[in-house]
Amino acid sequence: MNDFAIKTTGLTRYFGGKCAVDQVSLAVPRGSVFALLGRNGSGKSTLTRMLMGLLEPTRGSANVLGEDCRHLSPAARGRIGYVAEGHPLIDWMRVRDLESFQKSFYPKWDGRLFKSVVDQFGLPSDARAGRLSRGQRAGLSLALTLATRPQLLVMDDPAMGLDPVARRTLLEAMILVTRNAGHTIFFSSHVLDDVERVADHVAILDKSVLRVSCPVEFFRARIKRLVLTFGGTPPPLPPIPGLLEARRDLTQLRLTVANPGPELEQLVASLGAQAVTEVALSLEDAVIAYLGERGEKPSLLQSDQLEAVAS
Amino acid sequence: MEFAFSISPGTGSPIFRQIVDQVRLAVVSGRLAPGTQLPSVRALAERLVVNPNTVAKAYGELSREGIIDGQQGRGVFIAEPRQIYTNAERSRRLAPFVEALANEGVALGFTSEELLESLRRRLAKMDVPASSRRKPS
């Protein structure tokens with residue numbers, strides 16, 4: 001059995017002269033909950049659509065559940081659940097019609113699971129899809145997908161526009177999926193608190209380029225923030241390897257650094273600060289530091305680590 | 001009464017660390033007595049709405065530290081207190097924190113009496129017993 005639910009090699013997509021996804025090599029371990037992060041327009045949807053075989057790669061390749069994404073067999077598609085961005089539904093159909101429509105395509109339909117997700121989101125079975133609130137649409141599209149018992153669940157920004165209650169229900173449904181050992185979730189999101197709750201792996205796309213792909217704990221452990229306090233105005237900064245962000249005020253310098261090595265301590269000591277404090281970073285702070293405009297963008301692609309985790 | 005975990009994402013402390021710290025503190029302060037059963041990994045993950053691997057990682061660490069005992073299929077229990085580190089090792093692990101407290105305290109201009117007092121106040125909040133309840137191993 002393949003260790004990875006998704007594996008891409010140099011996956012690239014151009015729209016005209018504009019590169020939307022630039023040589024992305026990504027491995028999603030089977031059984032993981034994998035979060036794809038990045039700003040709007042960073043290429044998350046384009047990447048996801050290529051994985052689902054909805055968009056032809058310009059270059060490179062992607063393997064999804066062991067098959068080339070460009071020629072996914074009906075059997076493989078039957079094992080993949082895809083929740084597209086914005087939860088598109090056939091608006092004139094009622095909830096129960098959508099269920100019987102979807103059911104007709106899938107040999108293994110879990111009617112109990114469909115009902116329990118639909119109930120969690122408070123969906124009346126005779127409501128037309130076009131009349132549902134945003135949270136209810138999300139619930140319906142999730143129910144339609146989960147009831148197919150997918151081995152791989154792919155969701156493009158499923159939390160977009162949801163209220164906190166609907167978001168929590170979405171998370172609960174995702175945790176439910178992890179009951180099936182070996183079932184994988186690959187999703188994109190901007191809600192870092194939710195990502196922190198459910199994801200065990202994280203990838204960051206920044207302006208079409210993959211910068212980070214590793215276990216969440218690994219990512220957090222490798223980003224440090226130091227606050228240096230000076231007697232007066234902080235001195236100018238020498239070049240610091242891996243510097244993501246430097247902010248200064250009257251007496252303090254705040255440095256956020258990726259992959260800090262022993263040379264960082266020496267560099268910091270040479271600045272002559274009165275006090276140096278390491279501040280704990282939240283996942284959100286760490287991601288924002290990575291996606292900010294200033295600073296270097298060191299790579300945190302830990303394919304060795306991924307292989308170690310998957311084996 | 002069942003022990004109530006409470007976790008909050010979005011802080012500097014990872015969720016697995018929050019779970020570990022809460023159990024440790026509750027054990028030290030006696031709110032979780034030896035033999036108390038904790039929820040299974042799956043049950044706690046669903047209750048807290050977090051990835052089961054996160055709970056498993058926290059339980060793994062607690063088990064390595066000898067704070068909980070888990071038998072496959074029989075549940076997870078608070079262990080009888082025992083010392084898993086040698087006295088030398090305990091002191092070695094404590095040393096950097098003592099050093100940090102002393103350095104920072106002196107740099108901020110506290111007297112030793114004030115520092116001891118603030119440590120005492122902090123410990124009082126945690127309900128840490130003044131005398132040892134750990135049995136030597």
# chains A, B, ... in the order shown; residues from 1 in each chain; ligands from 1
>>> interface_residues(of="chain A", to="chain B", cutoff="12 Å", atoms="only C-alpha atoms", output="ChimeraX atom specification")
/A:31-34,167-181,185,191-201,215-221,223-225,274-287
>>> residues_around(residues="region 55-69 of chain A", least_positions_apart="6", cutoff="6 Å", atoms="only C-alpha atoms", output="number ranges by chain")
A: 5-13, 49
>>> atom_distance(atom1="CA of Phe3 (chain B)", atom2="CA of Tyr59 (chain B)")
15.0 Å
>>> residues_around(residues="region 98-108 of chain A", least_positions_apart="4", cutoff="12 Å", atoms="only C-alpha atoms", output="PyMOL selection string")
chain A and resi 74-81+89-94+112-115+118+125-130+137+140-151
>>> write_last_selection(atoms="N, CA and C atoms", output="compact mmCIF listing (two decimals), in the first residue's frame")
# COMPACT_ATOMS: atom_id res chain seq x y z
N PRO A 74 -12.73 5.75 -12.54
CA PRO A 74 -13.98 5.91 -11.77
C PRO A 74 -13.86 5.29 -10.38
N ALA A 75 -13.13 4.17 -10.26
CA ALA A 75 -12.98 3.53 -8.95
C ALA A 75 -12.26 4.45 -7.98
N ALA A 76 -11.19 5.10 -8.47
CA ALA A 76 -10.44 6.02 -7.60
C ALA A 76 -11.32 7.21 -7.24
N ARG A 77 -12.03 7.75 -8.22
CA ARG A 77 -12.92 8.89 -7.94
C ARG A 77 -13.96 8.53 -6.89
N GLY A 78 -14.39 7.29 -6.92
CA GLY A 78 -15.37 6.82 -5.93
C GLY A 78 -14.80 6.80 -4.52
N ARG A 79 -13.48 6.77 -4.42
CA ARG A 79 -12.85 6.76 -3.09
C ARG A 79 -12.45 8.17 -2.63
N ILE A 80 -12.67 9.16 -3.50
CA ILE A 80 -12.30 10.53 -3.16
C ILE A 80 -13.57 11.35 -2.93
N GLY A 81 -13.60 12.11 -1.84
CA GLY A 81 -14.70 13.04 -1.62
C GLY A 81 -14.18 14.45 -1.80
N LEU A 89 -24.09 23.66 -5.10
CA LEU A 89 -25.13 22.62 -5.04
C LEU A 89 -26.11 22.88 -6.17
N ILE A 90 -26.92 21.89 -6.48
CA ILE A 90 -27.95 22.11 -7.48
C ILE A 90 -29.12 22.79 -6.76
N ASP A 91 -29.28 24.10 -7.00
CA ASP A 91 -30.11 24.92 -6.12
C ASP A 91 -31.60 24.55 -6.12
N TRP A 92 -32.13 24.04 -7.25
CA TRP A 92 -33.58 23.77 -7.27
C TRP A 92 -33.93 22.45 -6.60
N MET A 93 -32.90 21.63 -6.27
CA MET A 93 -33.20 20.34 -5.66
C MET A 93 -33.41 20.47 -4.16
N ARG A 94 -34.26 19.60 -3.62
CA ARG A 94 -34.46 19.55 -2.18
C ARG A 94 -33.38 18.67 -1.56
N ARG A 112 -27.03 6.62 7.24
CA ARG A 112 -27.06 7.06 8.64
C ARG A 112 -26.13 8.23 8.86
N LEU A 113 -24.95 8.15 8.25
CA LEU A 113 -23.99 9.23 8.39
C LEU A 113 -24.55 10.50 7.74
N PHE A 114 -25.18 10.34 6.56
CA PHE A 114 -25.78 11.49 5.89
C PHE A 114 -26.78 12.16 6.82
N LYS A 115 -27.65 11.35 7.42
CA LYS A 115 -28.68 11.90 8.29
C LYS A 115 -28.07 12.59 9.52
N VAL A 118 -26.57 15.94 8.45
CA VAL A 118 -27.67 16.84 8.09
C VAL A 118 -28.39 17.33 9.36
N SER A 125 -35.36 18.12 5.51
CA SER A 125 -35.12 17.33 4.30
C SER A 125 -35.92 17.84 3.11
N ASP A 126 -36.94 18.68 3.35
CA ASP A 126 -37.71 19.17 2.19
C ASP A 126 -37.28 20.57 1.75
N ALA A 127 -36.20 21.11 2.36
CA ALA A 127 -35.74 22.44 1.97
C ALA A 127 -35.01 22.38 0.63
N ARG A 128 -35.21 23.42 -0.19
CA ARG A 128 -34.47 23.50 -1.45
C ARG A 128 -33.07 24.05 -1.17
N ALA A 129 -32.08 23.48 -1.87
CA ALA A 129 -30.68 23.87 -1.65
C ALA A 129 -30.49 25.38 -1.81
N GLY A 130 -31.20 25.96 -2.79
CA GLY A 130 -31.04 27.38 -3.07
C GLY A 130 -31.52 28.29 -1.95
N ARG A 137 -25.64 25.21 3.68
CA ARG A 137 -25.09 24.72 2.40
C ARG A 137 -23.83 23.92 2.66
N LEU A 140 -24.76 20.61 4.08
CA LEU A 140 -25.32 19.70 3.08
C LEU A 140 -24.22 19.16 2.17
N SER A 141 -23.32 20.03 1.72
CA SER A 141 -22.30 19.53 0.82
C SER A 141 -21.34 18.59 1.56
N LEU A 142 -21.13 18.86 2.85
CA LEU A 142 -20.31 17.96 3.66
C LEU A 142 -21.02 16.60 3.82
N ALA A 143 -22.31 16.63 4.12
CA ALA A 143 -23.07 15.39 4.30
C ALA A 143 -23.06 14.56 3.02
N LEU A 144 -23.26 15.24 1.87
CA LEU A 144 -23.29 14.54 0.58
C LEU A 144 -21.94 13.87 0.30
N THR A 145 -20.86 14.49 0.79
CA THR A 145 -19.53 13.95 0.54
C THR A 145 -19.16 12.87 1.55
N LEU A 146 -19.42 13.14 2.85
CA LEU A 146 -19.02 12.18 3.88
C LEU A 146 -19.77 10.85 3.74
N ALA A 147 -21.02 10.92 3.30
CA ALA A 147 -21.83 9.69 3.21
C ALA A 147 -21.27 8.73 2.16
N THR A 148 -20.39 9.19 1.30
CA THR A 148 -19.76 8.29 0.33
C THR A 148 -18.57 7.57 0.97
N ARG A 149 -18.28 7.86 2.24
CA ARG A 149 -17.18 7.22 2.98
C ARG A 149 -15.86 7.32 2.22
N PRO A 150 -15.45 8.53 1.87
CA PRO A 150 -14.23 8.66 1.06
C PRO A 150 -12.97 8.30 1.84
N GLN A 151 -12.03 7.64 1.16
CA GLN A 151 -10.72 7.38 1.76
C GLN A 151 -9.91 8.66 1.81
>>> residues_around(residues="Gln252 (chain A)", least_positions_apart="5", cutoff="8 Å", atoms="only C-alpha atoms", output="PyMOL selection string")
chain A and resi 227-230+233-234
>>> write_last_selection(atoms="N, CA and C atoms", output="mmCIF file, in the first residue's frame")
data_model
loop_
_atom_site.group_PDB
_atom_site.id
_atom_site.type_symbol
_atom_site.label_atom_id
_atom_site.label_comp_id
_atom_site.auth_asym_id
_atom_site.auth_seq_id
_atom_site.Cartn_x
_atom_site.Cartn_y
_atom_site.Cartn_z
ATOM 1 N N VAL A 227 12.636 38.757 21.720
ATOM 2 C CA VAL A 227 12.460 40.184 21.984
ATOM 3 C C VAL A 227 13.728 40.681 22.680
ATOM 4 N N LEU A 228 14.395 41.637 22.049
ATOM 5 C CA LEU A 228 15.636 42.189 22.581
ATOM 6 C C LEU A 228 15.353 43.583 23.123
ATOM 7 N N THR A 229 15.710 43.815 24.388
ATOM 8 C CA THR A 229 15.477 45.127 24.988
ATOM 9 C C THR A 229 16.807 45.861 25.143
ATOM 10 N N PHE A 230 16.813 47.106 24.718
ATOM 11 C CA PHE A 230 18.030 47.916 24.762
ATOM 12 C C PHE A 230 17.836 49.109 25.695
ATOM 13 N N THR A 233 17.894 53.420 21.669
ATOM 14 C CA THR A 233 17.432 52.976 20.363
ATOM 15 C C THR A 233 18.163 51.685 19.962
ATOM 16 N N PRO A 234 17.430 50.678 19.491
ATOM 17 C CA PRO A 234 18.087 49.446 19.062
ATOM 18 C C PRO A 234 19.033 49.708 17.888
#
>>> select_by_dssp(residues="region 12-51 of chain B", states="helix (DSSP H, G or I)", output="short mmCIF file (atom, residue, chain, number, x, y, z; two decimals) with C-alpha atoms, in the first residue's frame")
data_model
loop_
_atom_site.label_atom_id
_atom_site.label_comp_id
_atom_site.auth_asym_id
_atom_site.auth_seq_id
_atom_site.Cartn_x
_atom_site.Cartn_y
_atom_site.Cartn_z
CA ILE B 15 -2.74 21.90 22.48
CA PHE B 16 -0.91 18.68 23.44
CA ARG B 17 1.18 20.71 25.90
CA GLN B 18 -1.99 22.25 27.43
CA ILE B 19 -3.40 18.76 28.04
CA VAL B 20 -0.13 17.54 29.60
CA ASP B 21 0.13 20.59 31.86
CA GLN B 22 -3.48 20.33 33.04
CA VAL B 23 -3.14 16.68 34.02
CA ARG B 24 0.21 17.26 35.73
CA LEU B 25 -1.11 20.19 37.72
CA ALA B 26 -4.31 18.38 38.68
CA VAL B 27 -2.27 15.41 39.89
CA VAL B 28 0.14 17.53 41.93
CA VAL B 41 -7.85 9.14 23.36
CA ARG B 42 -10.79 8.97 20.98
CA ALA B 43 -13.33 10.19 23.58
CA LEU B 44 -11.20 13.12 24.70
CA ALA B 45 -10.42 14.10 21.08
CA GLU B 46 -14.12 14.19 20.27
CA ARG B 47 -14.97 16.06 23.45
CA LEU B 48 -12.31 18.74 22.92
#
>>> select_by_dssp(residues="region 51-208 of chain A", states="strand (DSSP E)", output="list in words")
Arg59, Gly60, Ser61, Ala62, Asn63, Val64, Glu67, Asp68, Ile80, Gly81, Tyr82, Val83, Leu152, Leu153, Val154, Met155, Thr184, Ile185, Phe186, Phe187, Ser188, His201, Val202, Ala203, Ile204, Leu205 and Asp206 of chain A
>>> atom_distance(atom1="CA of Ser42 (chain A)", atom2="CA of Ser208 (chain A)")
5.1 Å
